[in-house]
Amino acid sequence: MVTHDSGGAHAHHPPTAFIWKYIFSLDHKIIGIQYILLAVLSVFVGMFLSLLMRIHLAWPNAKLPFFEGGIMTPEQYLALMTMHGTIMVFMVLTTAPQSGFGNYFLPIQIGAADMAFPVINMLSFWTTFVSLVVLLAAFVVTGGAPLSGWTAYAPLSALGSVAGPGQGLGQTLWVVGLAIFCGASLMGALNFITTTIDLRTRGLSLLRMPLTVWAWFVTAILGLLAFGVLLAACILLLLDRTAGTSFFIPGGLVVSDVVQKNHSGGSPLLWQRLFWFFGHPEVYIAIVPGMGVISHVLSTFSRKPVFGYRAMVYAICGIGFLGFCVWGHHMFISGMSPYSAIAFSLLTMAIGVPSAIKTFNWLGTLWGGRIRFTSPMLFAIGFVSLFVTGGVSGLFLAQPSLDLYLHDGYFVVAHFHMIMGVASIFGIFTATYYWFPKMFGRMMDEGLGKLHFWITFLGVYAIFMPMHFLGMVGHPRRYPSGENFAFLGPLQGVHLFISIAAFITMAGQLIFLYNFFWSMKRGKKAEVNPWHATTLEWTVPSPPPHDNFAGRPPSVYRGPYEYAVPDAVEDYVPQHLAPEQVAKAK
Amino acid sequence: MRRKKPCAGSTTVAVTLAVFLLFFTLITLYLFAAKYWRPPDPITSFGREIDQQFARTFLITGIVFVLSQLALGWVVFRFRDTGGRATFSHGNTTMEVLWTLATLVLFVGLGIYAERAWAEVHFRGAAPGALQIEVQGQQFKWYFRYPGPDGKFGRTDAQYVKDSAQNFFGLDPNDPAGKDDIVTPVVAVPVNREVELILRSKDVTHSFFVRELRLKQDAVPGMLIHIHFTPMQVGQYEIACAELCGLGHHQMRSFLQVLSDADYQNWLREQAANQ
């Protein structure tokens with residue numbers, strides 16, 4: 001019944017019942033959209049939490065809804081912060097760029113009919129959904145959400161409710177939710193890797209793959225290696241919490257004047273090592289897909305081939321590899337061996353090299369181009385600027401001697417929000433504006449897109465640049481208020497400024513939300529190839545049919561970024577055109 | 001070859017972007033260099049070294065930052081769509097090799113340079129004769145222990161810990177060495193004498209942070225972690241907790257008092273009398 005052609009297409013017929021077509025769909029495109037909608041829901045939840053935090057930081061005594069007596073307590077602030085970080089990192093930055101857009105476009109860009117394992121694909125989405133529900137449930141249980149941060153350092157996270165409100169059932173749900181998420185991500189990673197290796201169409205050699213595909217491929221490998229470790233760490237933490245083991249809890253602890261007699265022999269640093277062995281690659285899991293997308297978009301709208309395609313591929317692989325060698329730079333002040341800090345420091349500085357290669361190549365791609373400032377292009381250019389800004393602050397934090405002062409302060413908060421948060425989000429926006437016509441058959445509104453870009457670009461700089469200054473003065477992070485310290489008092493004005501900038505920027509995101517849903521229904525009809533781009537997704541109808549290429553996978557004849565080819569009539573030569581089909585200039 | 005007309009509105013956007021990047025870069029540069037965001041002067045020689053390394057790093061990253069942002073602004077302006085066709089080029093291997101090597105030397109070189117200050121804090125232990133003080137972090141207070149006249153810390157055990165009885169460290173009442181130990185909620189040290197702090201934690205991980213020392217060190221339960229410094233400036237400095245330790249994390253404040261030798265001896269006598 002099932003026929004396999006050389007492209008490895010699965011000729012399963014499209015289901016017609018709503019539940020199989022849209023809910024438990026096996027179609028990678030529907031699953032991609034499900035992931036994107038999950039990320040949109042999560043990002044607005046995460047943003048709402050930061051809205052409450054920003055109100056509290058600017059006006060500590062402001063009356064707020066949802067809080068008893070209208071006042072946010074310190075433990076509630078820390079719970080909001082913990083959940084903001086967890087939701088943003090896992091449910092937004094890990095899902096949207098990879099599982100969302102990757103799911104939708106990787107098979108099409110390599111000329112496949114679907115992912116290699118459609119059922120596993122469906123399962124990984126629904127497993128992710130379950131993990132989100134478990135995580136959000138922490139808000140409504142007794143004691144509320146956990147307050148140990150998204151890094152959940154043991155023993156604070158391991159001791160249970162004796163360590164504070166939210167550290168009981170809330171923290172358990174957090175651990176279980178994350179473990180489930182790991183399972184989902186492992187399934188997704190296997191699927192992406194197998195699909196990329198096995199299902200490429202005729203002629204699509206590795207060095208003809210779009211940089212987006214390279215980015216998703218490398219990210220999947222990072223996910224496979226990193227989430228397995230986090231899963232193990234979560235299981236150990238769960239055992240410490242519920243089964244009386246002591247992986248992370250040393251003996252002789254006295255918490256709230258009660259001796260913890262049931263634990264001995266564990267190591268708090270073990271949790272940090274396991275967590276950061278996952279945690280640092282996670283940063284690249286969030287941003288590497290964005291690097292792929294913006295390389296793709298910069299080339300399209302400069303009407304020029306990517307500058308140094310091979311160097312870009314090597315740089316992505318280099319960043320991925322080095323990402324596993326630097327977990328210790330999160331632990332300079334943790335009490336680990338000061339000698340290993342030197343190795344971790346130099347390896348971290350070395351990540352600056354592939355990062356700089358990418359930046360130079362992006363500038364090289366723009367150089368000599370004919371730049372068209374569409375909304376996706378603006379966000380891609382914004383990404384480059386943010387990537388540089390967020391990258392150079394990393395050069396401070398990578399030095400253990402400077403980290404002695406800057407660690408656990410606002411300089412760190414500024415750094416990772418700039419590069420892991422905002423730059424990645426700009427990658428997601430770039431992808432959304434670029435591929436929306438393909439996904440929904442309609443164009444997004446350009447005017448609203450540009451307005452959204454300007455508000456967001458100015459806004460994120462206004463929010464996160466001042467945090468560097470807070471960090472330089474010495475402001476520790478994870479403080480619900482600075483009222484207890486004389487040196488934090490004069491910084492209140494900076495918090496106020498940041499909060500106001502944040503409110504405006506958040507309001508600006510409603511423009512995006514409106515544009516997204518309005519354009520789905522009312523946007524201008526999109527052509528097959530509205531951007532005059534070269535890769536395979538622009539050869540199929542908008543939106544693409546169930547099996548993408550109607551059972552006839554294309555052949556690929558050239559690299560992915562053949563723009564401005566001198567002897568061609570058009571200024572772009574698509575990958576699927578045979579040499580004799582390309583109209584030549586006289 | 002088909003010639004294409006330029007896209008409408010390219011110049012306006014290009015100029016806006018370029019101008020924004022220019023102003024953003026200048027403002028950022030000014031604010032980073034502004035004295036207002038400097039921490040207070042360091043009170044140790046090692047703190048001065050850290051400040052110098054910070055300045056060096058600021059210089060190098062500043063150059064990278066300014067050149068990159070301005071280059072971005074320049075290319076979006078210069079290569080905006082003005083009609084016609086882009087340059088056909090797949091890159092330049094010589095340039096790739098050149099900027100790879102240049103950044104490697106620059107970044108890794110900066111990293112190697114930075115190890116000096118790190119080595120001074122962490123590779124060399126405190127000299128014999130340094131003033132030893134134990135620092136204990138607990139939810140949500142700092143406590144300090146001086147060994148007293150006998151120069152020996154008494155034995156401690158978790159079973160003796162009782163906050164209500166002021167036995168924060170769990171001093172063993174049967175150990176004579178502990179009888180003269182002095183436990184205080186703030187820490188005082190004499191100026192110009194090397195101090196060795198021994199960090200411990202009673203419950204969860206905390207972090208001892210004094211801005212003027214340019215020093216931060218986690219206090220990890222189950223571990224004794226040694227740090228050392230020689231304060232050179234009399235004064236009172238705030239101690240903060242820098243590692244999230246629970247709901248009172250932001251209230252975990254104490255003081256480091258650097259006193260003249262005479263004042264320090266008086267202070268210690270007073271504290272001993274209060275035990």
# chains A, B, ... in the order shown; residues from 1 in each chain; ligands from 1
>>> interface_residues(of="chain B", to="chain A", cutoff="6 Å", atoms="only C-alpha atoms", output="PyMOL selection string")
chain B and resi 1-2+37-39+61+75+79-81+86-88+90-91+103-104+107-108+111+117-118+158+202-204+214-218+222+242+247+250-251
>>> write_last_selection(atoms="C-alpha atoms", output="tab-separated table (two decimals), in the first residue's frame")
chain	number	residue	atom	x	y	z
B	1	MET	CA	19.93	41.01	-18.30
B	2	ARG	CA	16.70	42.24	-16.76
B	37	TRP	CA	28.00	53.47	36.56
B	38	ARG	CA	31.33	52.73	38.18
B	39	PRO	CA	31.29	50.68	41.35
B	61	THR	CA	35.02	44.88	23.17
B	75	VAL	CA	26.22	48.63	4.69
B	79	PHE	CA	23.81	48.90	-0.29
B	80	ARG	CA	20.11	49.78	-0.07
B	81	ASP	CA	18.18	48.81	-3.17
B	86	ALA	CA	23.71	42.88	-6.60
B	87	THR	CA	27.35	41.84	-6.85
B	88	PHE	CA	27.68	38.11	-7.48
B	90	HIS	CA	30.24	33.64	-2.74
B	91	GLY	CA	32.84	35.00	-0.36
B	103	THR	CA	39.55	37.23	16.54
B	104	LEU	CA	41.20	34.07	17.88
B	107	PHE	CA	39.72	37.00	22.33
B	108	VAL	CA	41.87	34.16	23.61
B	111	GLY	CA	41.32	35.60	28.22
B	117	ALA	CA	43.94	38.43	38.76
B	118	TRP	CA	42.16	35.09	39.05
B	158	ALA	CA	24.43	20.03	63.31
B	202	LYS	CA	23.87	25.76	57.08
B	203	ASP	CA	21.03	25.07	54.67
B	204	VAL	CA	21.13	26.05	50.99
B	214	ARG	CA	35.35	42.83	43.88
B	215	LEU	CA	34.84	39.40	45.31
B	216	LYS	CA	32.00	36.93	45.27
B	217	GLN	CA	32.10	33.36	46.47
B	218	ASP	CA	29.33	30.82	46.94
B	222	GLY	CA	28.77	20.47	52.80
B	242	ALA	CA	24.29	36.85	45.50
B	247	LEU	CA	12.19	34.25	49.87
B	250	HIS	CA	17.20	40.16	49.11
B	251	GLN	CA	17.23	40.82	52.87
>>> select_by_dssp(residues="stretch 111-150 of chain A", states="helix (DSSP H, G or I)", output="compact mmCIF listing (two decimals) with C-alpha atoms, in the first residue's frame")
# COMPACT_ATOMS: atom_id res chain seq x y z
CA PRO A 118 5.32 11.27 11.70
CA VAL A 119 3.80 9.45 14.68
CA ILE A 120 6.77 10.29 16.90
CA ASN A 121 6.45 13.86 15.66
CA MET A 122 2.81 14.00 16.77
CA LEU A 123 3.75 12.40 20.08
CA SER A 124 6.53 14.87 20.75
CA PHE A 125 4.13 17.79 20.32
CA TRP A 126 1.50 16.35 22.62
CA THR A 127 4.14 15.37 25.16
CA THR A 128 5.35 18.97 25.11
CA PHE A 129 1.76 20.11 25.62
CA VAL A 130 1.40 17.82 28.65
CA SER A 131 4.64 19.20 30.11
CA LEU A 132 3.31 22.77 29.70
CA VAL A 133 0.11 21.82 31.52
CA VAL A 134 2.07 20.17 34.36
CA LEU A 135 4.32 23.19 34.62
CA LEU A 136 1.42 25.68 34.70
CA ALA A 137 -0.36 23.53 37.30
>>> residues_around(residues="A:Val89", least_positions_apart="2", cutoff="12 Å", atoms="only C-alpha atoms", output="VMD selection string")
chain A and resid 39 42 to 43 46 82 to 87 91 to 97 149 to 151 178 181 279 to 280 282 to 287 416 to 417 420 to 422 424 to 425
>>> select_by_dssp(residues="stretch 56-250 of chain B", states="strand (DSSP E or B)", output="PyMOL selection string")
chain B and resi 80+131-138+141-146+156+162+167+171+182-184+187-190+195-201+206-210+215-219+225-229+235-241
>>> residues_around(residues="B:Arg145", least_positions_apart="6", cutoff="7 Å", atoms="only C-alpha atoms", output="PyMOL selection string")
chain B and resi 133-135+181-184
>>> residues_around(residues="A:Pro107", least_positions_apart="6", cutoff="12 Å", atoms="only C-alpha atoms", output="VMD selection string")
chain A and resid 7 to 10 27 to 29 32 101 113 to 118 191 to 201 209 to 210 212 to 213 216 to 217 535 to 537 544 547 to 549 553
>>> write_last_selection(atoms="N, CA and C atoms", output="tab-separated table (two decimals), in the first residue's frame")
chain	number	residue	atom	x	y	z
A	7	GLY	N	12.67	9.82	-2.89
A	7	GLY	CA	12.68	10.90	-1.91
A	7	GLY	C	12.23	10.43	-0.54
A	8	GLY	N	11.83	9.17	-0.45
A	8	GLY	CA	11.42	8.65	0.84
A	8	GLY	C	10.05	9.18	1.26
A	9	ALA	N	9.20	9.57	0.29
A	9	ALA	CA	7.92	10.17	0.64
A	9	ALA	C	6.99	9.12	1.23
A	10	HIS	N	6.25	9.51	2.26
A	10	HIS	CA	5.25	8.61	2.81
A	10	HIS	C	3.93	8.99	2.16
A	27	ASP	N	0.76	15.36	10.05
A	27	ASP	CA	1.37	16.23	9.04
A	27	ASP	C	2.35	17.18	9.73
A	28	HIS	N	3.60	17.17	9.29
A	28	HIS	CA	4.62	18.01	9.94
A	28	HIS	C	4.24	19.48	9.91
A	29	LYS	N	3.45	19.90	8.92
A	29	LYS	CA	3.10	21.32	8.83
A	29	LYS	C	2.10	21.71	9.91
A	32	GLY	N	3.97	21.68	13.14
A	32	GLY	CA	4.76	22.91	13.24
A	32	GLY	C	3.91	24.07	13.72
A	101	PHE	N	9.12	26.17	13.48
A	101	PHE	CA	9.49	26.45	12.09
A	101	PHE	C	10.31	25.32	11.48
A	113	ALA	N	8.40	14.52	1.83
A	113	ALA	CA	6.95	14.63	1.98
A	113	ALA	C	6.54	14.86	3.43
A	114	ASP	N	7.38	14.41	4.35
A	114	ASP	CA	7.07	14.60	5.77
A	114	ASP	C	8.34	14.32	6.56
A	115	MET	N	8.22	14.37	7.89
A	115	MET	CA	9.32	13.94	8.74
A	115	MET	C	9.51	12.42	8.61
A	116	ALA	N	10.64	11.93	9.08
A	116	ALA	CA	10.91	10.50	8.98
A	116	ALA	C	9.92	9.69	9.82
A	117	PHE	N	9.57	10.21	11.01
A	117	PHE	CA	8.67	9.47	11.90
A	117	PHE	C	7.48	10.35	12.27
A	118	PRO	N	6.45	10.36	11.44
A	118	PRO	CA	5.32	11.27	11.70
A	118	PRO	C	4.62	11.00	13.03
A	191	ASN	N	13.99	12.68	15.38
A	191	ASN	CA	13.24	12.85	14.13
A	191	ASN	C	13.95	13.81	13.18
A	192	PHE	N	14.41	14.94	13.72
A	192	PHE	CA	15.09	15.94	12.88
A	192	PHE	C	16.37	15.37	12.29
A	193	ILE	N	17.13	14.63	13.11
A	193	ILE	CA	18.41	14.11	12.64
A	193	ILE	C	18.18	13.08	11.54
A	194	THR	N	17.27	12.13	11.80
A	194	THR	CA	17.00	11.09	10.81
A	194	THR	C	16.48	11.70	9.52
A	195	THR	N	15.56	12.63	9.64
A	195	THR	CA	14.98	13.26	8.45
A	195	THR	C	16.06	13.92	7.62
A	196	THR	N	16.93	14.68	8.27
A	196	THR	CA	17.96	15.40	7.52
A	196	THR	C	18.92	14.43	6.83
A	197	ILE	N	19.26	13.35	7.53
A	197	ILE	CA	20.23	12.43	6.95
A	197	ILE	C	19.60	11.59	5.84
A	198	ASP	N	18.37	11.13	6.07
A	198	ASP	CA	17.80	10.11	5.17
A	198	ASP	C	16.88	10.63	4.08
A	199	LEU	N	16.21	11.72	4.30
A	199	LEU	CA	15.12	12.07	3.38
A	199	LEU	C	15.44	13.20	2.41
A	200	ARG	N	16.71	13.52	2.26
A	200	ARG	CA	17.03	14.59	1.31
A	200	ARG	C	16.76	14.12	-0.12
A	201	THR	N	16.27	15.02	-0.92
A	201	THR	CA	15.89	14.65	-2.29
A	201	THR	C	17.13	14.54	-3.18
A	209	MET	N	22.57	22.18	1.26
A	209	MET	CA	21.43	22.42	2.14
A	209	MET	C	21.36	23.90	2.51
A	210	PRO	N	20.15	24.44	2.58
A	210	PRO	CA	20.02	25.82	3.08
A	210	PRO	C	20.62	25.90	4.49
A	212	THR	N	19.40	27.21	6.99
A	212	THR	CA	18.35	26.90	7.96
A	212	THR	C	18.39	25.41	8.30
A	213	VAL	N	18.51	24.57	7.26
A	213	VAL	CA	18.53	23.12	7.50
A	213	VAL	C	19.75	22.73	8.31
A	216	TRP	N	19.02	23.69	11.92
A	216	TRP	CA	18.09	22.77	12.61
A	216	TRP	C	18.76	21.43	12.88
A	217	PHE	N	19.59	21.00	11.94
A	217	PHE	CA	20.28	19.72	12.07
A	217	PHE	C	21.24	19.75	13.27
A	535	THR	N	14.92	28.59	-2.59
A	535	THR	CA	14.89	27.26	-2.00
A	535	THR	C	13.55	26.56	-2.26
A	536	LEU	N	13.48	25.27	-1.93
A	536	LEU	CA	12.39	24.42	-2.39
A	536	LEU	C	11.02	24.79	-1.83
A	537	GLU	N	10.97	25.42	-0.64
A	537	GLU	CA	9.64	25.74	-0.11
A	537	GLU	C	8.90	26.73	-1.00
A	544	PRO	N	1.28	24.72	1.34
A	544	PRO	CA	1.60	23.50	0.60
A	544	PRO	C	0.55	22.42	0.84
A	547	ASP	N	1.08	16.35	1.22
A	547	ASP	CA	2.39	15.69	1.14
A	547	ASP	C	3.43	16.56	0.42
A	548	ASN	N	3.22	17.84	0.45
A	548	ASN	CA	4.19	18.84	-0.02
A	548	ASN	C	4.41	18.88	-1.54
A	549	PHE	N	4.90	17.79	-2.12
A	549	PHE	CA	5.29	17.84	-3.53
A	549	PHE	C	4.39	16.95	-4.39
A	553	PRO	N	8.81	14.35	-5.77
A	553	PRO	CA	9.86	15.15	-5.14
A	553	PRO	C	10.75	15.80	-6.18
>>> atom_distance(atom1="atom CA of B:Leu244", atom2="atom CA of A:Gly143")
18.2 Å
>>> residues_around(residues="A:Leu186", least_positions_apart="5", cutoff="8 Å", atoms="only C-alpha atoms", output="MDAnalysis selection string")
chainID A and resid 223:224 227:228
>>> atom_distance(atom1="atom CA of B:Tyr113", atom2="atom CA of A:His415")
22.1 Å
>>> closest_residue(among="A:Lys524, A:Leu397, A:His546, A:Ile419", to="B:Phe54", atoms="only C-alpha atoms")
A:Leu397
>>> residues_around(residues="stretch 172-180 of chain B", least_positions_apart="6", cutoff="8 Å", atoms="only C-alpha atoms", output="ChimeraX atom specification")
/B:147-150,152-157,160,272
>>> decode(residues="stretch 130-163 of chain B", atoms="N, CA and C atoms", output="short mmCIF file (atom, residue, chain, number, x, y, z; two decimals), in the first residue's frame")
data_model
loop_
_atom_site.label_atom_id
_atom_site.label_comp_id
_atom_site.auth_asym_id
_atom_site.auth_seq_id
_atom_site.Cartn_x
_atom_site.Cartn_y
_atom_site.Cartn_z
N ALA B 130 47.53 34.66 58.52
CA ALA B 130 46.39 35.49 58.13
C ALA B 130 45.28 35.33 59.16
N LEU B 131 44.49 36.37 59.32
CA LEU B 131 43.39 36.34 60.30
C LEU B 131 42.27 35.44 59.77
N GLN B 132 42.01 34.34 60.50
CA GLN B 132 40.97 33.41 60.02
C GLN B 132 39.62 33.72 60.65
N ILE B 133 38.59 33.79 59.78
CA ILE B 133 37.23 34.02 60.26
C ILE B 133 36.31 33.08 59.49
N GLU B 134 35.42 32.43 60.19
CA GLU B 134 34.42 31.61 59.50
C GLU B 134 33.21 32.45 59.14
N VAL B 135 32.67 32.21 57.96
CA VAL B 135 31.46 32.92 57.51
C VAL B 135 30.39 31.87 57.28
N GLN B 136 29.26 32.04 57.91
CA GLN B 136 28.18 31.09 57.66
C GLN B 136 26.98 31.78 57.06
N GLY B 137 26.50 31.23 55.93
CA GLY B 137 25.26 31.72 55.34
C GLY B 137 24.14 30.82 55.79
N GLN B 138 23.02 31.43 56.13
CA GLN B 138 21.82 30.64 56.44
C GLN B 138 20.61 31.48 56.06
N GLN B 139 19.48 30.82 55.86
CA GLN B 139 18.28 31.57 55.48
C GLN B 139 17.88 32.47 56.64
N PHE B 140 17.91 33.75 56.67
CA PHE B 140 18.44 34.67 55.67
C PHE B 140 19.35 35.65 56.38
N LYS B 141 20.41 35.11 56.96
CA LYS B 141 21.35 35.89 57.76
C LYS B 141 22.78 35.44 57.51
N TRP B 142 23.70 36.34 57.77
CA TRP B 142 25.12 35.96 57.80
C TRP B 142 25.57 35.93 59.24
N TYR B 143 26.37 34.93 59.61
CA TYR B 143 27.01 34.92 60.92
C TYR B 143 28.50 34.67 60.74
N PHE B 144 29.28 35.23 61.66
CA PHE B 144 30.74 35.14 61.55
C PHE B 144 31.29 34.57 62.86
N ARG B 145 32.36 33.81 62.74
CA ARG B 145 32.93 33.20 63.94
C ARG B 145 34.44 33.46 63.98
N TYR B 146 34.87 34.03 65.11
CA TYR B 146 36.29 34.24 65.36
C TYR B 146 36.77 33.16 66.32
N PRO B 147 38.00 32.68 66.17
CA PRO B 147 38.45 31.57 67.00
C PRO B 147 38.73 31.97 68.45
N GLY B 148 38.78 33.27 68.75
CA GLY B 148 39.04 33.68 70.13
C GLY B 148 40.53 33.60 70.46
N PRO B 149 40.87 33.90 71.72
CA PRO B 149 42.28 33.99 72.13
C PRO B 149 43.09 32.73 71.86
N ASP B 150 42.47 31.54 71.93
CA ASP B 150 43.25 30.32 71.73
C ASP B 150 43.59 30.06 70.26
N GLY B 151 43.02 30.87 69.37
CA GLY B 151 43.33 30.72 67.95
C GLY B 151 42.78 29.46 67.32
N LYS B 152 41.89 28.75 68.03
CA LYS B 152 41.32 27.51 67.50
C LYS B 152 39.80 27.61 67.44
N PHE B 153 39.24 27.16 66.31
CA PHE B 153 37.79 27.07 66.21
C PHE B 153 37.33 25.83 66.95
N GLY B 154 36.27 25.96 67.75
CA GLY B 154 35.72 24.79 68.42
C GLY B 154 34.97 23.90 67.45
N ARG B 155 34.82 22.61 67.86
CA ARG B 155 34.12 21.65 67.02
C ARG B 155 32.64 22.06 66.86
N THR B 156 32.07 21.79 65.70
CA THR B 156 30.65 22.07 65.50
C THR B 156 29.95 20.81 65.04
N ASP B 157 28.66 20.75 65.31
CA ASP B 157 27.87 19.61 64.85
C ASP B 157 26.43 20.08 64.67
N ALA B 158 25.79 19.58 63.62
CA ALA B 158 24.43 20.03 63.31
C ALA B 158 23.48 19.80 64.47
N GLN B 159 23.73 18.74 65.26
CA GLN B 159 22.75 18.43 66.34
C GLN B 159 22.69 19.52 67.40
N TYR B 160 23.73 20.36 67.51
CA TYR B 160 23.72 21.41 68.53
C TYR B 160 23.17 22.74 68.01
N VAL B 161 22.87 22.79 66.72
CA VAL B 161 22.39 24.06 66.16
C VAL B 161 21.05 24.42 66.76
N LYS B 162 20.95 25.60 67.29
CA LYS B 162 19.66 26.08 67.76
C LYS B 162 19.65 27.60 67.67
N ASP B 163 18.92 28.14 66.70
CA ASP B 163 18.92 29.58 66.50
C ASP B 163 18.36 30.30 67.72
#
